[in-house]
>>> print(open('start_21.pdb').read())   # PDB, C-alpha atoms, pLDDT in the B column
MODEL        1
ATOM      1  CA  MET A  49      65.795 -21.555  48.811  1.00 97.00           C
ATOM      2  CA  ARG A  50      64.482 -19.030  51.281  1.00 98.00           C
ATOM      3  CA  GLY A  51      60.701 -19.489  51.149  1.00 98.00           C
ATOM      4  CA  LEU A  52      58.186 -22.315  51.513  1.00 98.00           C
ATOM      5  CA  ILE A  53      54.593 -21.997  50.307  1.00 98.00           C
ATOM      6  CA  VAL A  54      52.149 -24.755  51.257  1.00 98.00           C
ATOM      7  CA  ASP A  55      48.596 -25.617  50.207  1.00 98.00           C
ATOM      8  CA  TYR A  56      46.110 -26.407  52.963  1.00 96.00           C
ATOM      9  CA  ALA A  57      43.520 -29.003  51.849  1.00 95.00           C
ATOM     10  CA  GLY A  58      45.205 -32.234  50.840  1.00 95.00           C
ATOM     11  CA  VAL A  59      48.563 -31.287  52.355  1.00 98.00           C
ATOM     12  CA  LEU A  60      47.993 -29.875  55.832  1.00 96.00           C
ATOM     13  CA  THR A  61      44.857 -31.994  56.209  1.00 95.00           C
ATOM     14  CA  ASP A  62      46.828 -35.202  55.595  1.00 94.00           C
ATOM     15  CA  PRO A  63      46.411 -37.662  58.514  1.00 94.00           C
ATOM     16  CA  ASP A  64      50.159 -37.314  59.265  1.00 94.00           C
ATOM     17  CA  ALA A  65      50.183 -33.512  58.880  1.00 96.00           C
ATOM     18  CA  ASP A  66      51.464 -33.001  62.435  1.00 97.00           C
ATOM     19  CA  GLU A  67      54.922 -33.827  61.078  1.00 97.00           C
ATOM     20  CA  LEU A  68      54.551 -31.117  58.433  1.00 98.00           C
ATOM     21  CA  TYR A  69      53.596 -28.558  61.067  1.00 97.00           C
ATOM     22  CA  VAL A  70      56.722 -29.496  63.055  1.00 97.00           C
ATOM     23  CA  GLU A  71      58.814 -28.988  59.905  1.00 97.00           C
ATOM     24  CA  LEU A  72      57.163 -25.637  59.155  1.00 97.00           C
ATOM     25  CA  LYS A  73      57.971 -24.396  62.642  1.00 96.00           C
ATOM     26  CA  ALA A  74      61.561 -25.647  62.412  1.00 97.00           C
ATOM     27  CA  LEU A  75      62.089 -23.982  59.039  1.00 98.00           C
ATOM     28  CA  ARG A  76      60.717 -20.678  60.325  1.00 97.00           C
ATOM     29  CA  GLU A  77      63.088 -20.878  63.291  1.00 96.00           C
ATOM     30  CA  ARG A  78      65.934 -21.207  60.752  1.00 97.00           C
ATOM     31  CA  GLY A  79      64.806 -18.037  58.972  1.00 97.00           C
ATOM     32  CA  ILE A  80      62.890 -19.635  56.099  1.00 98.00           C
ATOM     33  CA  ARG A  81      59.846 -17.519  55.202  1.00 98.00           C
ATOM     34  CA  THR A  82      56.584 -19.505  55.014  1.00 98.00           C
ATOM     35  CA  ALA A  83      53.163 -18.932  53.492  1.00 98.00           C
ATOM     36  CA  LEU A  84      49.889 -20.770  53.205  1.00 98.00           C
ATOM     37  CA  LEU A  85      48.305 -20.558  49.741  1.00 98.00           C
ATOM     38  CA  SER A  86      44.770 -21.902  49.505  1.00 98.00           C
ATOM     39  CA  ASN A  87      42.082 -21.661  46.835  1.00 97.00           C
ATOM     40  CA  ALA A  88      39.540 -21.368  49.657  1.00 97.00           C
ATOM     41  CA  PRO A  89      37.288 -18.313  49.764  1.00 96.00           C
ATOM     42  CA  GLY A  90      38.806 -17.337  53.109  1.00 95.00           C
ATOM     43  CA  ALA A  91      39.034 -18.450  56.714  1.00 95.00           C
ATOM     44  CA  SER A  92      37.542 -17.397  60.006  1.00 94.00           C
ATOM     45  CA  PRO A  93      39.580 -15.165  62.306  1.00 96.00           C
ATOM     46  CA  SER A  94      40.044 -18.093  64.730  1.00 96.00           C
ATOM     47  CA  ALA A  95      41.268 -20.384  61.938  1.00 95.00           C
ATOM     48  CA  LYS A  96      43.736 -17.713  60.842  1.00 97.00           C
ATOM     49  CA  ARG A  97      44.986 -17.288  64.422  1.00 96.00           C
ATOM     50  CA  SER A  98      45.600 -21.045  64.663  1.00 96.00           C
ATOM     51  CA  LEU A  99      47.723 -20.936  61.477  1.00 97.00           C
ATOM     52  CA  GLU A 100      49.737 -17.819  62.333  1.00 95.00           C
ATOM     53  CA  PRO A 101      52.415 -19.637  64.410  1.00 95.00           C
ATOM     54  CA  PHE A 102      53.421 -21.534  61.267  1.00 97.00           C
ATOM     55  CA  PHE A 103      53.195 -18.897  58.538  1.00 98.00           C
ATOM     56  CA  ASP A 104      54.471 -15.427  57.730  1.00 98.00           C
ATOM     57  CA  ALA A 105      51.609 -14.927  55.245  1.00 98.00           C
ATOM     58  CA  LEU A 106      48.167 -16.437  54.710  1.00 98.00           C
ATOM     59  CA  VAL A 107      46.786 -16.188  51.173  1.00 98.00           C
ATOM     60  CA  PHE A 108      43.235 -17.238  50.338  1.00 98.00           C
ATOM     61  CA  SER A 109      42.181 -16.990  46.707  1.00 97.00           C
ATOM     62  CA  GLY A 110      38.755 -15.696  47.629  1.00 97.00           C
ATOM     63  CA  GLU A 111      40.357 -12.770  49.450  1.00 97.00           C
ATOM     64  CA  VAL A 112      42.937 -11.852  46.792  1.00 98.00           C
ATOM     65  CA  GLY A 113      40.809 -12.480  43.700  1.00 97.00           C
ATOM     66  CA  VAL A 114      43.142 -14.890  41.918  1.00 98.00           C
ATOM     67  CA  ALA A 115      43.451 -18.679  42.259  1.00 98.00           C
ATOM     68  CA  LYS A 116      45.915 -21.477  41.622  1.00 98.00           C
ATOM     69  CA  PRO A 117      47.189 -22.362  39.065  1.00 98.00           C
ATOM     70  CA  SER A 118      47.276 -18.729  37.880  1.00 98.00           C
ATOM     71  CA  ARG A 119      50.830 -17.357  37.771  1.00 98.00           C
ATOM     72  CA  GLU A 120      49.724 -14.180  39.530  1.00 98.00           C
ATOM     73  CA  VAL A 121      48.765 -15.880  42.791  1.00 98.00           C
ATOM     74  CA  TYR A 122      52.211 -17.487  43.133  1.00 98.00           C
ATOM     75  CA  LEU A 123      53.978 -14.196  42.435  1.00 98.00           C
ATOM     76  CA  LEU A 124      51.679 -12.359  44.850  1.00 98.00           C
ATOM     77  CA  THR A 125      52.446 -14.911  47.583  1.00 98.00           C
ATOM     78  CA  ALA A 126      56.214 -14.736  46.997  1.00 98.00           C
ATOM     79  CA  GLY A 127      55.937 -10.954  47.136  1.00 98.00           C
ATOM     80  CA  LEU A 128      54.208 -11.138  50.517  1.00 98.00           C
ATOM     81  CA  LEU A 129      57.258 -13.068  51.705  1.00 98.00           C
ATOM     82  CA  SER A 130      59.512 -10.363  50.187  1.00 98.00           C
ATOM     83  CA  LEU A 131      61.130 -13.036  48.023  1.00 98.00           C
ATOM     84  CA  PRO A 132      61.488 -13.608  44.290  1.00 98.00           C
ATOM     85  CA  ALA A 133      59.620 -16.667  43.008  1.00 98.00           C
ATOM     86  CA  ASP A 134      62.863 -18.488  42.226  1.00 98.00           C
ATOM     87  CA  GLN A 135      63.689 -18.528  45.941  1.00 98.00           C
ATOM     88  CA  CYS A 136      60.443 -20.291  46.864  1.00 98.00           C
ATOM     89  CA  VAL A 137      59.283 -23.905  47.035  1.00 98.00           C
ATOM     90  CA  PHE A 138      55.594 -24.662  46.555  1.00 98.00           C
ATOM     91  CA  VAL A 139      53.915 -27.816  47.949  1.00 98.00           C
ATOM     92  CA  ASP A 140      50.480 -28.998  46.768  1.00 98.00           C
ATOM     93  CA  ASP A 141      48.674 -32.302  46.330  1.00 98.00           C
ATOM     94  CA  ALA A 142      47.287 -31.185  42.941  1.00 98.00           C
ATOM     95  CA  ALA A 143      49.823 -31.650  40.157  1.00 98.00           C
ATOM     96  CA  ARG A 144      48.314 -28.852  38.057  1.00 98.00           C
ATOM     97  CA  ASN A 145      48.916 -26.380  40.892  1.00 98.00           C
ATOM     98  CA  VAL A 146      52.521 -27.543  41.240  1.00 98.00           C
ATOM     99  CA  HIS A 147      52.976 -27.086  37.471  1.00 98.00           C
ATOM    100  CA  GLY A 148      51.563 -23.558  37.784  1.00 98.00           C
ATOM    101  CA  ALA A 149      54.067 -22.709  40.505  1.00 98.00           C
ATOM    102  CA  VAL A 150      56.953 -24.103  38.468  1.00 98.00           C
ATOM    103  CA  ALA A 151      55.798 -22.059  35.451  1.00 98.00           C
ATOM    104  CA  ALA A 152      55.908 -18.985  37.731  1.00 98.00           C
ATOM    105  CA  GLY A 153      59.551 -19.767  38.596  1.00 98.00           C
ATOM    106  CA  MET A 154      59.224 -21.718  41.847  1.00 98.00           C
ATOM    107  CA  ALA A 155      60.491 -25.156  42.736  1.00 98.00           C
ATOM    108  CA  GLY A 156      57.558 -27.536  43.060  1.00 98.00           C
ATOM    109  CA  VAL A 157      56.848 -30.484  45.326  1.00 98.00           C
ATOM    110  CA  HIS A 158      53.900 -32.711  44.469  1.00 98.00           C
ATOM    111  CA  HIS A 159      52.617 -33.929  47.839  1.00 98.00           C
ATOM    112  CA  THR A 160      51.555 -37.569  47.802  1.00 98.00           C
ATOM    113  CA  SER A 161      52.646 -38.503  51.332  1.00 97.00           C
ATOM    114  CA  VAL A 162      54.063 -36.743  54.365  1.00 98.00           C
ATOM    115  CA  PRO A 163      57.276 -38.828  54.396  1.00 98.00           C
ATOM    116  CA  GLY A 164      57.850 -38.131  50.694  1.00 98.00           C
ATOM    117  CA  THR A 165      57.251 -34.407  51.100  1.00 98.00           C
ATOM    118  CA  LEU A 166      59.531 -34.233  54.133  1.00 98.00           C
ATOM    119  CA  THR A 167      62.276 -36.007  52.179  1.00 98.00           C
ATOM    120  CA  GLU A 168      61.991 -33.492  49.331  1.00 98.00           C
ATOM    121  CA  LEU A 169      61.944 -30.545  51.738  1.00 98.00           C
ATOM    122  CA  SER A 170      65.062 -31.781  53.513  1.00 97.00           C
ATOM    123  CA  ALA A 171      66.860 -31.815  50.151  1.00 98.00           C
ATOM    124  CA  LEU A 172      65.609 -28.337  49.227  1.00 98.00           C
ATOM    125  CA  PHE A 173      66.269 -26.811  52.670  1.00 98.00           C
ATOM    126  CA  PRO A 174      69.398 -28.592  53.928  1.00 95.00           C
ATOM    127  CA  ALA A 175      70.286 -28.018  57.589  1.00 86.00           C
TER     128      ALA A 175
ENDMDL
END
>>> encode(input="start_21.pdb", output="structure tokens")
Amino acid sequence: MRGLIVDYAGVLTDPDADELYVELKALRERGIRTALLSNAPGASPSAKRSLEPFFDALVFSGEVGVAKPSREVYLLTAGLLSLPADQCVFVDDAARNVHGAVAAGMAGVHHTSVPGTLTELSALFPA
């Protein structure tokens, strides 16, 4: 796997999300491409600037006109990372969005806890 795509609300807003941000930064330092994929209408310029150290691409459904779990939004996001979908892992707290990503060819991680997600990511992106 060469790409990691993460939802915002429910994943990066988890009370223990600091550990996920540390992992995102570490993966990027290893050359893993990262993207945020949110069904939000958009984000302020300052919010985007605060996310930029962790992501190569920021995708907001309201800005691109397609939302999860539509296949197109996953393929668009993988394309922004210059990766095929089958080289990407998608993390979301909503099972239907994970199913949509898997249907688009990605590996899916259903986020229910930070420790569980970190365990799955360590298996998918071994050191």
>>> resolve_selection(input="start_21.pdb", expression="the PyMOL selection byres ((chain A and resi 87) around 12)", output="MDAnalysis selection string")
chainID A and resid 54:58 84:86 88:91 106:118 121:122 140 142 145
>>> closest_atom_pairs(input="start_21.pdb", of="range 115-148 of chain A", to="range 158-163 of chain A", cutoff="12 Å", atoms="all atoms listed in the file", output="tab-separated table")
residue	atom	partner	partner_atom	distance
A:Val137	CA	A:His158	CA	10.6
A:Phe138	CA	A:His158	CA	8.5
A:Val139	CA	A:His158	CA	6.0
A:Asp140	CA	A:His159	CA	5.5
A:Asp141	CA	A:His159	CA	4.5
A:Ala142	CA	A:His158	CA	7.0
A:Ala143	CA	A:His158	CA	6.0
A:Arg144	CA	A:His158	CA	9.3
A:Asn145	CA	A:His158	CA	8.8
A:Val146	CA	A:His158	CA	6.2
A:His147	CA	A:His158	CA	9.0
A:Gly148	CA	A:His158	CA	11.6
>>> atom_distance(input="start_21.pdb", atom1="CA of Thr165 in chain A", atom2="CA of Glu71 in chain A")
10.5 Å
>>> resolve_selection(input="start_21.pdb", expression="the PyMOL selection byres ((chain A and resi 99) around 12)", output="list of chain:residue names")
A:Val54, A:Tyr56, A:Leu60, A:Tyr69, A:Leu72, A:Lys73, A:Thr82, A:Ala83, A:Leu84, A:Leu85, A:Ala91, A:Ser92, A:Pro93, A:Ser94, A:Ala95, A:Lys96, A:Arg97, A:Ser98, A:Glu100, A:Pro101, A:Phe102, A:Phe103, A:Asp104, A:Ala105, A:Leu106, A:Val107
>>> atom_distance(input="start_21.pdb", atom1="CA of Ala152 in chain A", atom2="CA of Glu120 in chain A")
8.0 Å
>>> residues_near_point(input="start_21.pdb", point="(61.5, -19.3, 42.7)", cutoff="10 Å", atoms="only C-alpha atoms", output="list of chain:residue names")
A:Met49, A:Arg50, A:Gly51, A:Leu52, A:Tyr122, A:Leu123, A:Ala126, A:Leu131, A:Pro132, A:Ala133, A:Asp134, A:Gln135, A:Cys136, A:Val137, A:Phe138, A:Ala149, A:Val150, A:Ala151, A:Ala152, A:Gly153, A:Met154, A:Ala155, A:Gly156
>>> write_last_selection(input="start_21.pdb", atoms="C-alpha atoms", output="short mmCIF file (atom, residue, chain, number, x, y, z; two decimals), keeping the file's coordinate frame")
data_model
loop_
_atom_site.label_atom_id
_atom_site.label_comp_id
_atom_site.auth_asym_id
_atom_site.auth_seq_id
_atom_site.Cartn_x
_atom_site.Cartn_y
_atom_site.Cartn_z
CA MET A 49 65.80 -21.56 48.81
CA ARG A 50 64.48 -19.03 51.28
CA GLY A 51 60.70 -19.49 51.15
CA LEU A 52 58.19 -22.32 51.51
CA TYR A 122 52.21 -17.49 43.13
CA LEU A 123 53.98 -14.20 42.44
CA ALA A 126 56.21 -14.74 47.00
CA LEU A 131 61.13 -13.04 48.02
CA PRO A 132 61.49 -13.61 44.29
CA ALA A 133 59.62 -16.67 43.01
CA ASP A 134 62.86 -18.49 42.23
CA GLN A 135 63.69 -18.53 45.94
CA CYS A 136 60.44 -20.29 46.86
CA VAL A 137 59.28 -23.90 47.04
CA PHE A 138 55.59 -24.66 46.56
CA ALA A 149 54.07 -22.71 40.51
CA VAL A 150 56.95 -24.10 38.47
CA ALA A 151 55.80 -22.06 35.45
CA ALA A 152 55.91 -18.98 37.73
CA GLY A 153 59.55 -19.77 38.60
CA MET A 154 59.22 -21.72 41.85
CA ALA A 155 60.49 -25.16 42.74
CA GLY A 156 57.56 -27.54 43.06
#
>>> atom_distance(input="start_21.pdb", atom1="CA of Thr125 in chain A", atom2="CA of Ile53 in chain A")
7.9 Å
